[in-house]
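I have placed the structure first, in the form of structure tokens, so that the comments after it can refer back to it.
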Amino acid sequence: SQHVGGFVISRSPLARLVPVENAAMPERTVIQWDKDDLDALGLLKVDVLALGMLSAIHRALDLIGCPIQDVPPEDPAVYDMICAADTVGVFQIESRAQMAMLPRLMPRKFYDLVIEVALVRPGPIQGDMVHPYLRRRHGKEAIDPMPPEIHDVLGRTCGVPIFQEQVMQLAVVAAGFTPGEADQLRRAMAAWRRKGGLQPFEEKLITGMRQRGHDEAFARRVCAQIRGFGEYGFPESHAASFALLVYISAWLKRHHPAAFLCALLNSQPMGFYAPAQLLQDARRHGVDVLPVTVEASAWEATLENSATAAGSPAVRLGLASIIGLARAAAEALVTARLHQAFRSIADLATRAGLARRDLDLLAAAGALANLAGHRRQTAWAAAGAALQLDLLSDTPAPESPVQLGAPSEAEDLVADYASTGLTLGRHPLALLRPRLSAQRFVSASRLQNSADRQLLRAAGIITCRQRPGTATGIVFVTLEDETGLANIVVHPRLVDRQRRELLGARLLGVLGQVQREGQVVHLIAKRLVDLTSLLGRLATASRDFH
């Protein structure tokens, strides 16, 4: 029998039932049929979500020695952080859309997170559920009186159906559907954009509600919201499971930011943000991050006692952060280090059995700094050590006394991004700030504190471009500088007019108008400027600036 997650799903190998092919990832396979094909053939489909955040949470809790059941519930400090949209790295609520929603919804308890997870979805947005819910939640719009049976279903969401289960319950209590018919409605909702087929259910819903004393306007409004769900209706049980991970990951970020960063780095790839952005955010929150080094780094990132932050651990970057370094070489290095500290690069190369390529990668990443000095000096020493190994010399000769000039700060920055994809030096835009200020480009923190409708210029490295299907052609851009993130809105007309700048720039300048709604601040773009040339060699060195 073929087993998946403990279930017996076929008497013979799946390849005899469905066409199976290799996936892009090693040791992964996929079948060529979609869920509707499986449904038509009567085959069992089991969804198993392999969430990277589960690994990150597991690692973080292990680092701080806290079982998951000991995470304290309903911590006000955690909700303060969430309401401020300080959620980079937090599960589910780190996206641009979620960050914009958090200060509007203002979650103060766990069930608010359940709603938050489900609300920022195409279904509720297209079904016009978001704004009515927010207005009613904050007392800006009256909640229509509801019969008791309707209130039991919709009372917890201010009279707005947000969850898939609510639609099914409404069909039963308000229109007389049987549970089986309600499940058929759920299936029809999932397929109606592709196949149609909601009409008979709508007629039955409207007829059933009118027979039970509900007015036709209410019935038709419920039908419109059901259509809005499309195939994106979110189950409440699913949202609750996700909300638990939201809360735990937010608690870790708020109270154990170093362990949280360490766990995120060791669980890549995952989430919206590359390690460079996660690291910058953590450092803005006071986390001490130590460089990768052959004397102290393991393969993965680790926690160390910090000399600069009393009581708070520091994150030591792991050898895995060095692009191209083989894990076998890194583990050989760590094993050799256990017996005795390395005296020189030649000693390291000999005892760990490292090849010339390994030494070059370590030197380029700055991981040999304590053995030989700055990058140019370590590259020279690494080349000499490799040459001695190539010549099979039994007694390594003294390393060359040649003294090379140290690289500039900008050159070190370029080397950091080229070798590890991140830097512990100053943010690239800190180096460019005088030139940007001369052109009247303000920082992200200045933008965040600007008044509504103010005309401003902002510039930053593009970390994210999004064009949601619900946004009618609008592109949302996130820019990063040394002070934080800036949210940019580019309307369709400007997208068409300046597509080259929007899609081709790595460092983007935006001339626009501030749009402020409480704590939520966007810059509505009026003109885009490609400033990538200011980055120089850094533009080609970084993996993350795209």
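Order determines the names: the first chain of the structure tokens is A, the second B, and so forth; residues in each chain are numbered 1 upward, and ligands are numbered 1 upward as they are shown.
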
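The environment of segment 97-111 of chain A within 7 Å, counting only C-alpha atoms and disregarding residues fewer than 2 places along the same chain, consists of Glu74, Tyr79, Ile82, Cys83, Ala84, Ala85, Ile93, Glu94, Ser95, Leu113, Val114, Ile115, Val120, Leu134, Gln519 and Val520 of chain A.
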
Export, as a compact mmCIF listing (two decimals), in the first residue's frame, the selected residues with N, CA and C atoms.
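Output contents, as saved in part_25.txt:
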```
# COMPACT_ATOMS: atom_id res chain seq x y z
N GLU A 74 -2.24 35.82 25.49
CA GLU A 74 -2.83 37.16 25.59
C GLU A 74 -1.91 38.19 26.25
N TYR A 79 0.48 42.28 21.69
CA TYR A 79 -0.56 42.95 20.90
C TYR A 79 -0.20 44.40 20.61
N ILE A 82 1.96 44.13 17.60
CA ILE A 82 1.17 43.78 16.42
C ILE A 82 0.37 44.98 15.93
N CYS A 83 -0.25 45.71 16.84
CA CYS A 83 -1.06 46.87 16.44
C CYS A 83 -0.21 47.94 15.78
N ALA A 84 1.07 48.00 16.14
CA ALA A 84 1.99 48.96 15.51
C ALA A 84 2.54 48.43 14.19
N ALA A 85 2.07 47.25 13.76
CA ALA A 85 2.54 46.62 12.52
C ALA A 85 4.05 46.40 12.52
N ILE A 93 1.38 37.72 9.17
CA ILE A 93 1.04 39.15 9.26
C ILE A 93 2.25 40.02 8.95
N GLU A 94 3.21 39.50 8.17
CA GLU A 94 4.37 40.29 7.79
C GLU A 94 4.23 40.86 6.38
N SER A 95 3.18 40.49 5.65
CA SER A 95 3.02 40.98 4.29
C SER A 95 2.61 42.45 4.30
N LEU A 113 -6.91 37.92 16.01
CA LEU A 113 -5.91 37.41 15.07
C LEU A 113 -6.54 36.40 14.11
N VAL A 114 -7.49 35.62 14.60
CA VAL A 114 -8.20 34.67 13.73
C VAL A 114 -8.90 35.44 12.61
N ILE A 115 -9.57 36.53 12.98
CA ILE A 115 -10.26 37.35 11.99
C ILE A 115 -9.26 38.02 11.05
N VAL A 120 -7.79 39.41 5.41
CA VAL A 120 -6.92 39.90 4.34
C VAL A 120 -6.72 38.76 3.33
N LEU A 134 -14.68 46.55 9.53
CA LEU A 134 -13.88 47.52 10.28
C LEU A 134 -14.73 48.65 10.82
N GLN A 519 -2.03 55.36 11.84
CA GLN A 519 -0.62 54.97 11.79
C GLN A 519 -0.20 54.45 10.43
N VAL A 520 -1.16 54.21 9.54
CA VAL A 520 -0.86 53.63 8.23
C VAL A 520 -0.48 54.74 7.27
```

Point to revise | Nearby residues (only C-alpha atoms) at most 12 Å from Asn370 of chain A, same-chain spacing under 4 positions excluded, as a list in words | key: Pro291, Val292, Thr293, Val294, Glu295, Ala296, Ala341, Phe342, Arg343, Ser344, Ile345, Leu362, Ala363, Gly366, His374, Arg375, Gln377 and Thr378 of chain A

Residues as selected, all heavy atoms, written as a short mmCIF file (atom, residue, chain, number, x, y, z; two decimals), in the first residue's frame, can you do that?
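For reference, result.cif as written:
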```cif
data_model
loop_
_atom_site.label_atom_id
_atom_site.label_comp_id
_atom_site.auth_asym_id
_atom_site.auth_seq_id
_atom_site.Cartn_x
_atom_site.Cartn_y
_atom_site.Cartn_z
N PRO A 291 29.76 38.54 13.39
CA PRO A 291 30.11 38.06 12.05
C PRO A 291 30.45 36.58 12.01
O PRO A 291 30.77 35.97 13.04
CB PRO A 291 31.32 38.91 11.68
CG PRO A 291 31.93 39.27 13.00
CD PRO A 291 30.78 39.45 13.95
N VAL A 292 30.40 36.03 10.82
CA VAL A 292 30.82 34.65 10.62
C VAL A 292 32.34 34.59 10.75
O VAL A 292 33.06 35.45 10.23
CB VAL A 292 30.36 34.13 9.23
CG1 VAL A 292 30.90 34.98 8.10
CG2 VAL A 292 30.75 32.67 9.04
N THR A 293 32.83 33.61 11.50
CA THR A 293 34.27 33.49 11.75
C THR A 293 34.64 32.03 11.95
O THR A 293 33.86 31.26 12.53
CB THR A 293 34.68 34.32 12.98
OG1 THR A 293 36.03 34.02 13.32
CG2 THR A 293 33.80 34.02 14.18
N VAL A 294 35.84 31.65 11.51
CA VAL A 294 36.26 30.25 11.63
C VAL A 294 36.51 29.87 13.07
O VAL A 294 36.53 28.68 13.41
CB VAL A 294 37.51 29.97 10.78
CG1 VAL A 294 37.22 30.14 9.30
CG2 VAL A 294 38.68 30.87 11.20
N GLU A 295 36.71 30.85 13.97
CA GLU A 295 36.97 30.52 15.37
C GLU A 295 35.71 30.18 16.15
O GLU A 295 35.77 29.44 17.13
CB GLU A 295 37.65 31.70 16.08
CG GLU A 295 39.07 31.97 15.68
CD GLU A 295 39.15 32.89 14.48
OE1 GLU A 295 38.08 33.24 13.93
OE2 GLU A 295 40.26 33.27 14.09
N ALA A 296 34.54 30.71 15.75
CA ALA A 296 33.36 30.57 16.60
C ALA A 296 32.11 30.09 15.88
O ALA A 296 31.18 29.61 16.53
CB ALA A 296 33.06 31.92 17.26
N ALA A 341 42.81 25.60 18.91
CA ALA A 341 42.51 26.80 18.11
C ALA A 341 43.45 26.88 16.92
O ALA A 341 44.60 26.43 16.99
CB ALA A 341 42.63 28.04 18.98
N PHE A 342 42.98 27.46 15.86
CA PHE A 342 43.81 27.61 14.67
C PHE A 342 44.85 28.71 14.91
O PHE A 342 44.54 29.79 15.41
CB PHE A 342 42.95 27.98 13.45
CG PHE A 342 41.90 26.95 13.12
CD1 PHE A 342 40.56 27.29 13.08
CD2 PHE A 342 42.26 25.62 12.87
CE1 PHE A 342 39.58 26.34 12.77
CE2 PHE A 342 41.29 24.67 12.57
CZ PHE A 342 39.95 25.03 12.53
N ARG A 343 46.11 28.42 14.52
CA ARG A 343 47.20 29.37 14.71
C ARG A 343 47.37 30.29 13.50
O ARG A 343 47.87 31.40 13.63
CB ARG A 343 48.50 28.61 14.96
CG ARG A 343 48.49 27.74 16.22
CD ARG A 343 49.87 27.15 16.49
NE ARG A 343 50.34 26.35 15.37
CZ ARG A 343 50.05 25.06 15.20
NH1 ARG A 343 49.28 24.43 16.10
NH2 ARG A 343 50.52 24.39 14.17
N SER A 344 46.99 29.79 12.33
CA SER A 344 47.17 30.56 11.11
C SER A 344 46.25 29.98 10.04
O SER A 344 45.63 28.92 10.23
CB SER A 344 48.62 30.49 10.62
OG SER A 344 48.94 29.14 10.26
N ILE A 345 46.19 30.66 8.91
CA ILE A 345 45.38 30.14 7.81
C ILE A 345 45.98 28.84 7.28
O ILE A 345 45.24 27.90 6.95
CB ILE A 345 45.26 31.19 6.69
CG1 ILE A 345 44.47 32.40 7.20
CG2 ILE A 345 44.59 30.61 5.45
CD1 ILE A 345 44.34 33.54 6.21
N LEU A 362 36.07 31.58 2.41
CA LEU A 362 36.18 32.04 3.79
C LEU A 362 36.82 33.42 3.86
O LEU A 362 36.39 34.30 4.62
CB LEU A 362 36.99 31.03 4.61
CG LEU A 362 36.32 29.68 4.88
CD1 LEU A 362 37.35 28.68 5.42
CD2 LEU A 362 35.17 29.83 5.86
N ALA A 363 37.85 33.63 3.04
CA ALA A 363 38.52 34.93 3.02
C ALA A 363 37.59 36.02 2.50
O ALA A 363 37.51 37.12 3.07
CB ALA A 363 39.78 34.85 2.16
N GLY A 366 35.17 37.35 4.99
CA GLY A 366 35.72 37.97 6.20
C GLY A 366 35.83 37.01 7.37
O GLY A 366 36.07 37.44 8.50
N HIS A 374 42.39 42.13 7.42
CA HIS A 374 41.30 42.50 6.53
C HIS A 374 41.23 41.58 5.31
O HIS A 374 42.09 40.72 5.11
CB HIS A 374 41.43 43.97 6.11
CG HIS A 374 42.73 44.30 5.44
ND1 HIS A 374 43.04 43.90 4.17
CD2 HIS A 374 43.81 45.02 5.89
CE1 HIS A 374 44.24 44.34 3.83
NE2 HIS A 374 44.73 45.03 4.87
N ARG A 375 40.21 41.80 4.49
CA ARG A 375 39.93 40.88 3.39
C ARG A 375 41.10 40.71 2.43
O ARG A 375 41.41 39.60 2.00
CB ARG A 375 38.70 41.36 2.61
CG ARG A 375 37.38 40.89 3.19
CD ARG A 375 36.26 41.19 2.21
NE ARG A 375 35.02 40.57 2.63
CZ ARG A 375 34.11 41.16 3.42
NH1 ARG A 375 34.33 42.38 3.86
NH2 ARG A 375 32.99 40.52 3.75
N GLN A 377 44.26 41.11 2.97
CA GLN A 377 45.35 40.38 3.62
C GLN A 377 45.02 38.89 3.74
O GLN A 377 45.88 38.04 3.52
CB GLN A 377 45.59 40.98 5.01
CG GLN A 377 47.01 40.83 5.52
CD GLN A 377 47.99 41.68 4.73
OE1 GLN A 377 47.77 42.86 4.53
NE2 GLN A 377 49.06 41.06 4.26
N THR A 378 43.75 38.58 4.10
CA THR A 378 43.38 37.17 4.24
C THR A 378 43.34 36.48 2.88
O THR A 378 43.68 35.29 2.77
CB THR A 378 42.02 37.02 4.94
OG1 THR A 378 41.03 37.78 4.23
CG2 THR A 378 42.09 37.49 6.37
#
```

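If you look at atom CA of Arg457 of chain A and atom CA of Tyr273 of chain A, they are 24.3 Å away from each other.
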
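For the atom pair formed by atom CA of Ala505 of chain A and atom CA of Gly536 of chain A, the distance is 12.7 Å, given to one decimal.
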
Exercise for review: Going by DSSP on the backbone, which bits of segment 151-326 of chain A are helix (DSSP H, G or I)? Write them as a ChimeraX atom specification, please.
Suggested key: /A:151-157,164-175,179-195,199-211,216-229,236-255,257-265,275-284,319-321

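Shell of Glu480 of chain A at 7 Å, with only C-alpha atoms counted and residues fewer than 3 places along the chain excluded, is Gly460, Ile461, Ile462, Thr463, Gly484, Leu485 and Ala486 of chain A.
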
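Pairwise distance (atom CA of Ala329 of chain A, atom CA of Asp288 of chain A) equals 27.0 Å.
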
Neighbouring residues of segment 354-361 of chain A were defined as those with any atom within 9 Å, considering only C-alpha atoms; residues of the same chain fewer than 5 positions away were excluded. Please report them as a PDB file with N, CA, C and O atoms, in the first residue's frame.
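The result, written out as out_23.pdb:
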```pdb
ATOM      1  N   ILE A 322      27.763  31.672   4.131  1.00  0.00           N
ATOM      2  CA  ILE A 322      28.759  31.926   3.082  1.00  0.00           C
ATOM      3  C   ILE A 322      28.307  31.231   1.807  1.00  0.00           C
ATOM      4  O   ILE A 322      28.215  30.000   1.744  1.00  0.00           O
ATOM      5  N   ILE A 323      28.024  32.009   0.801  1.00  0.00           N
ATOM      6  CA  ILE A 323      27.486  31.479  -0.450  1.00  0.00           C
ATOM      7  C   ILE A 323      28.526  30.570  -1.106  1.00  0.00           C
ATOM      8  O   ILE A 323      29.667  30.982  -1.351  1.00  0.00           O
ATOM      9  N   GLY A 324      28.119  29.325  -1.367  1.00  0.00           N
ATOM     10  CA  GLY A 324      28.993  28.399  -2.087  1.00  0.00           C
ATOM     11  C   GLY A 324      29.820  27.493  -1.216  1.00  0.00           C
ATOM     12  O   GLY A 324      30.423  26.531  -1.723  1.00  0.00           O
ATOM     13  N   LEU A 325      29.923  27.779   0.091  1.00  0.00           N
ATOM     14  CA  LEU A 325      30.740  26.927   0.964  1.00  0.00           C
ATOM     15  C   LEU A 325      30.027  25.605   1.223  1.00  0.00           C
ATOM     16  O   LEU A 325      28.878  25.586   1.679  1.00  0.00           O
ATOM     17  N   ALA A 326      30.692  24.507   0.958  1.00  0.00           N
ATOM     18  CA  ALA A 326      30.094  23.183   1.140  1.00  0.00           C
ATOM     19  C   ALA A 326      29.957  22.861   2.622  1.00  0.00           C
ATOM     20  O   ALA A 326      30.844  23.201   3.429  1.00  0.00           O
ATOM     21  N   ALA A 329      32.890  20.838   4.073  1.00  0.00           N
ATOM     22  CA  ALA A 329      34.085  21.619   4.404  1.00  0.00           C
ATOM     23  C   ALA A 329      33.887  22.362   5.723  1.00  0.00           C
ATOM     24  O   ALA A 329      34.800  22.430   6.557  1.00  0.00           O
ATOM     25  N   ALA A 330      32.686  22.924   5.917  1.00  0.00           N
ATOM     26  CA  ALA A 330      32.405  23.648   7.151  1.00  0.00           C
ATOM     27  C   ALA A 330      32.461  22.714   8.357  1.00  0.00           C
ATOM     28  O   ALA A 330      33.014  23.068   9.410  1.00  0.00           O
ATOM     29  N   ALA A 332      34.129  19.905   8.590  1.00  0.00           N
ATOM     30  CA  ALA A 332      35.527  19.512   8.811  1.00  0.00           C
ATOM     31  C   ALA A 332      36.266  20.602   9.581  1.00  0.00           C
ATOM     32  O   ALA A 332      37.082  20.321  10.469  1.00  0.00           O
ATOM     33  N   LEU A 333      35.973  21.844   9.265  1.00  0.00           N
ATOM     34  CA  LEU A 333      36.586  22.976   9.967  1.00  0.00           C
ATOM     35  C   LEU A 333      36.185  22.970  11.443  1.00  0.00           C
ATOM     36  O   LEU A 333      37.041  23.135  12.328  1.00  0.00           O
ATOM     37  N   ILE A 345      46.192  30.660   8.906  1.00  0.00           N
ATOM     38  CA  ILE A 345      45.376  30.140   7.808  1.00  0.00           C
ATOM     39  C   ILE A 345      45.975  28.836   7.280  1.00  0.00           C
ATOM     40  O   ILE A 345      45.241  27.895   6.950  1.00  0.00           O
ATOM     41  N   LEU A 348      44.936  26.118   9.615  1.00  0.00           N
ATOM     42  CA  LEU A 348      43.526  25.795   9.358  1.00  0.00           C
ATOM     43  C   LEU A 348      43.391  24.916   8.121  1.00  0.00           C
ATOM     44  O   LEU A 348      42.705  23.887   8.143  1.00  0.00           O
ATOM     45  N   ALA A 349      44.057  25.318   7.032  1.00  0.00           N
ATOM     46  CA  ALA A 349      43.936  24.574   5.778  1.00  0.00           C
ATOM     47  C   ALA A 349      44.456  23.154   5.931  1.00  0.00           C
ATOM     48  O   ALA A 349      43.858  22.194   5.419  1.00  0.00           O
ATOM     49  N   GLY A 366      35.172  37.348   4.994  1.00  0.00           N
ATOM     50  CA  GLY A 366      35.719  37.970   6.200  1.00  0.00           C
ATOM     51  C   GLY A 366      35.831  37.014   7.365  1.00  0.00           C
ATOM     52  O   GLY A 366      36.068  37.440   8.497  1.00  0.00           O
ATOM     53  N   ALA A 367      35.671  35.703   7.118  1.00  0.00           N
ATOM     54  CA  ALA A 367      35.667  34.726   8.204  1.00  0.00           C
ATOM     55  C   ALA A 367      37.063  34.409   8.721  1.00  0.00           C
ATOM     56  O   ALA A 367      37.208  33.716   9.729  1.00  0.00           O
ATOM     57  N   LEU A 368      38.113  34.902   8.042  1.00  0.00           N
ATOM     58  CA  LEU A 368      39.493  34.656   8.466  1.00  0.00           C
ATOM     59  C   LEU A 368      40.135  35.898   9.080  1.00  0.00           C
ATOM     60  O   LEU A 368      41.355  35.946   9.282  1.00  0.00           O
ATOM     61  N   THR A 378      43.753  38.585   4.100  1.00  0.00           N
ATOM     62  CA  THR A 378      43.385  37.171   4.236  1.00  0.00           C
ATOM     63  C   THR A 378      43.339  36.475   2.881  1.00  0.00           C
ATOM     64  O   THR A 378      43.678  35.290   2.774  1.00  0.00           O
ATOM     65  N   ALA A 379      42.942  37.186   1.829  1.00  0.00           N
ATOM     66  CA  ALA A 379      42.950  36.578   0.496  1.00  0.00           C
ATOM     67  C   ALA A 379      44.379  36.225   0.080  1.00  0.00           C
ATOM     68  O   ALA A 379      44.633  35.155  -0.501  1.00  0.00           O
ATOM     69  N   ALA A 382      45.451  33.254   2.246  1.00  0.00           N
ATOM     70  CA  ALA A 382      44.764  32.037   1.815  1.00  0.00           C
ATOM     71  C   ALA A 382      45.383  31.482   0.546  1.00  0.00           C
ATOM     72  O   ALA A 382      45.548  30.263   0.392  1.00  0.00           O
ATOM     73  N   ALA A 383      45.734  32.377  -0.381  1.00  0.00           N
ATOM     74  CA  ALA A 383      46.376  31.925  -1.626  1.00  0.00           C
ATOM     75  C   ALA A 383      47.720  31.275  -1.321  1.00  0.00           C
ATOM     76  O   ALA A 383      48.078  30.238  -1.898  1.00  0.00           O
ATOM     77  N   ALA A 385      48.618  29.809   1.557  1.00  0.00           N
ATOM     78  CA  ALA A 385      48.389  28.524   2.230  1.00  0.00           C
ATOM     79  C   ALA A 385      47.980  27.455   1.237  1.00  0.00           C
ATOM     80  O   ALA A 385      48.433  26.300   1.320  1.00  0.00           O
ATOM     81  N   ALA A 386      47.131  27.824   0.275  1.00  0.00           N
ATOM     82  CA  ALA A 386      46.698  26.854  -0.731  1.00  0.00           C
ATOM     83  C   ALA A 386      47.867  26.415  -1.588  1.00  0.00           C
ATOM     84  O   ALA A 386      47.985  25.237  -1.963  1.00  0.00           O
ATOM     85  N   LEU A 387      48.774  27.351  -1.907  1.00  0.00           N
ATOM     86  CA  LEU A 387      49.937  27.008  -2.718  1.00  0.00           C
ATOM     87  C   LEU A 387      50.837  26.030  -1.972  1.00  0.00           C
ATOM     88  O   LEU A 387      51.355  25.064  -2.557  1.00  0.00           O
ATOM     89  N   LEU A 389      49.894  23.868   0.237  1.00  0.00           N
ATOM     90  CA  LEU A 389      49.245  22.560   0.206  1.00  0.00           C
ATOM     91  C   LEU A 389      49.422  21.896  -1.143  1.00  0.00           C
ATOM     92  O   LEU A 389      49.649  20.687  -1.243  1.00  0.00           O
ATOM     93  N   ASP A 390      49.328  22.693  -2.201  1.00  0.00           N
ATOM     94  CA  ASP A 390      49.495  22.138  -3.548  1.00  0.00           C
ATOM     95  C   ASP A 390      50.895  21.565  -3.743  1.00  0.00           C
ATOM     96  O   ASP A 390      51.092  20.589  -4.459  1.00  0.00           O
ATOM     97  N   SER A 419      29.450  37.852  -0.874  1.00  0.00           N
ATOM     98  CA  SER A 419      29.846  36.579  -0.266  1.00  0.00           C
ATOM     99  C   SER A 419      28.779  35.975   0.637  1.00  0.00           C
ATOM    100  O   SER A 419      28.702  34.752   0.777  1.00  0.00           O
TER     101      SER A 419
END
```

Check your understanding: Using only C-alpha atoms, which residues sit within 12 Å of Lys204 of chain A once same-chain residues fewer than 6 positions away are excluded, as a PyMOL selection string?
Key -> chain A and resi 171-172+174-178+181-182+185+198+210-211+219-220+223

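When only C-alpha atoms are used to compute distances to Ala364 of chain A, the closest of the residues A:Thr302, A:Ser408, A:Asn266, A:Thr420 turns out to be A:Thr420.
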
**Study point:** Picked from segment 304-499 of chain A by DSSP as strand (DSSP E), as an MDAnalysis selection string
**Key:** chainID A and resid 304:305 313:316 455:466 475:481 484:490

Mind writing the picked residues with C-alpha atoms as a PDB file, in the first residue's frame?
```pdb
ATOM      1  CA  GLU A 304      26.320  33.644  22.239  1.00  0.00           C
ATOM      2  CA  ASN A 305      26.660  35.741  25.358  1.00  0.00           C
ATOM      3  CA  PRO A 313      22.293  36.978  23.769  1.00  0.00           C
ATOM      4  CA  ALA A 314      23.920  37.824  20.460  1.00  0.00           C
ATOM      5  CA  VAL A 315      23.413  35.975  17.193  1.00  0.00           C
ATOM      6  CA  ARG A 316      26.562  34.499  15.675  1.00  0.00           C
ATOM      7  CA  LEU A 455       4.515  66.172  -1.027  1.00  0.00           C
ATOM      8  CA  LEU A 456       7.725  64.232  -0.420  1.00  0.00           C
ATOM      9  CA  ARG A 457      10.541  62.339  -2.093  1.00  0.00           C
ATOM     10  CA  ALA A 458      11.620  58.951  -0.739  1.00  0.00           C
ATOM     11  CA  ALA A 459      14.266  56.503  -1.907  1.00  0.00           C
ATOM     12  CA  GLY A 460      15.167  52.980  -0.943  1.00  0.00           C
ATOM     13  CA  ILE A 461      16.234  49.550  -2.038  1.00  0.00           C
ATOM     14  CA  ILE A 462      13.276  47.596  -3.407  1.00  0.00           C
ATOM     15  CA  THR A 463      12.597  44.599  -1.192  1.00  0.00           C
ATOM     16  CA  CYS A 464       9.130  43.687  -2.482  1.00  0.00           C
ATOM     17  CA  ARG A 465       6.815  44.371  -5.415  1.00  0.00           C
ATOM     18  CA  GLN A 466       3.233  43.105  -5.239  1.00  0.00           C
ATOM     19  CA  VAL A 475       1.441  47.822  -7.674  1.00  0.00           C
ATOM     20  CA  PHE A 476       2.581  48.005  -4.038  1.00  0.00           C
ATOM     21  CA  VAL A 477       6.313  48.518  -3.521  1.00  0.00           C
ATOM     22  CA  THR A 478       8.286  48.267  -0.277  1.00  0.00           C
ATOM     23  CA  LEU A 479      11.511  50.265  -0.015  1.00  0.00           C
ATOM     24  CA  GLU A 480      14.181  49.775   2.649  1.00  0.00           C
ATOM     25  CA  ASP A 481      16.738  52.270   3.904  1.00  0.00           C
ATOM     26  CA  GLY A 484      13.244  51.160   8.115  1.00  0.00           C
ATOM     27  CA  LEU A 485      10.634  50.423   5.454  1.00  0.00           C
ATOM     28  CA  ALA A 486       8.584  52.757   3.261  1.00  0.00           C
ATOM     29  CA  ASN A 487       5.319  51.748   1.572  1.00  0.00           C
ATOM     30  CA  ILE A 488       4.758  52.994  -1.965  1.00  0.00           C
ATOM     31  CA  VAL A 489       1.548  52.823  -4.031  1.00  0.00           C
ATOM     32  CA  VAL A 490       1.901  52.951  -7.821  1.00  0.00           C
TER      33      VAL A 490
END
```

Which residues of segment 29-137 of chain A sit at most 6 Å from segment 249-264 of chain A, using only C-alpha atoms? Give each one's shortest atom pair and distance in Å (one decimal place), in chain and ascending residue order, as a Markdown table.
```
| residue | atom | partner | partner_atom | distance |
| --- | --- | --- | --- | --- |
| A:Ala56 | CA | A:Ala263 | CA | 4.9 |
| A:Arg59 | CA | A:Ala263 | CA | 5.4 |
| A:Ala60 | CA | A:Ala263 | CA | 5.2 |
| A:Val78 | CA | A:Trp251 | CA | 5.7 |
| A:Val90 | CA | A:Ser249 | CA | 5.5 |
```
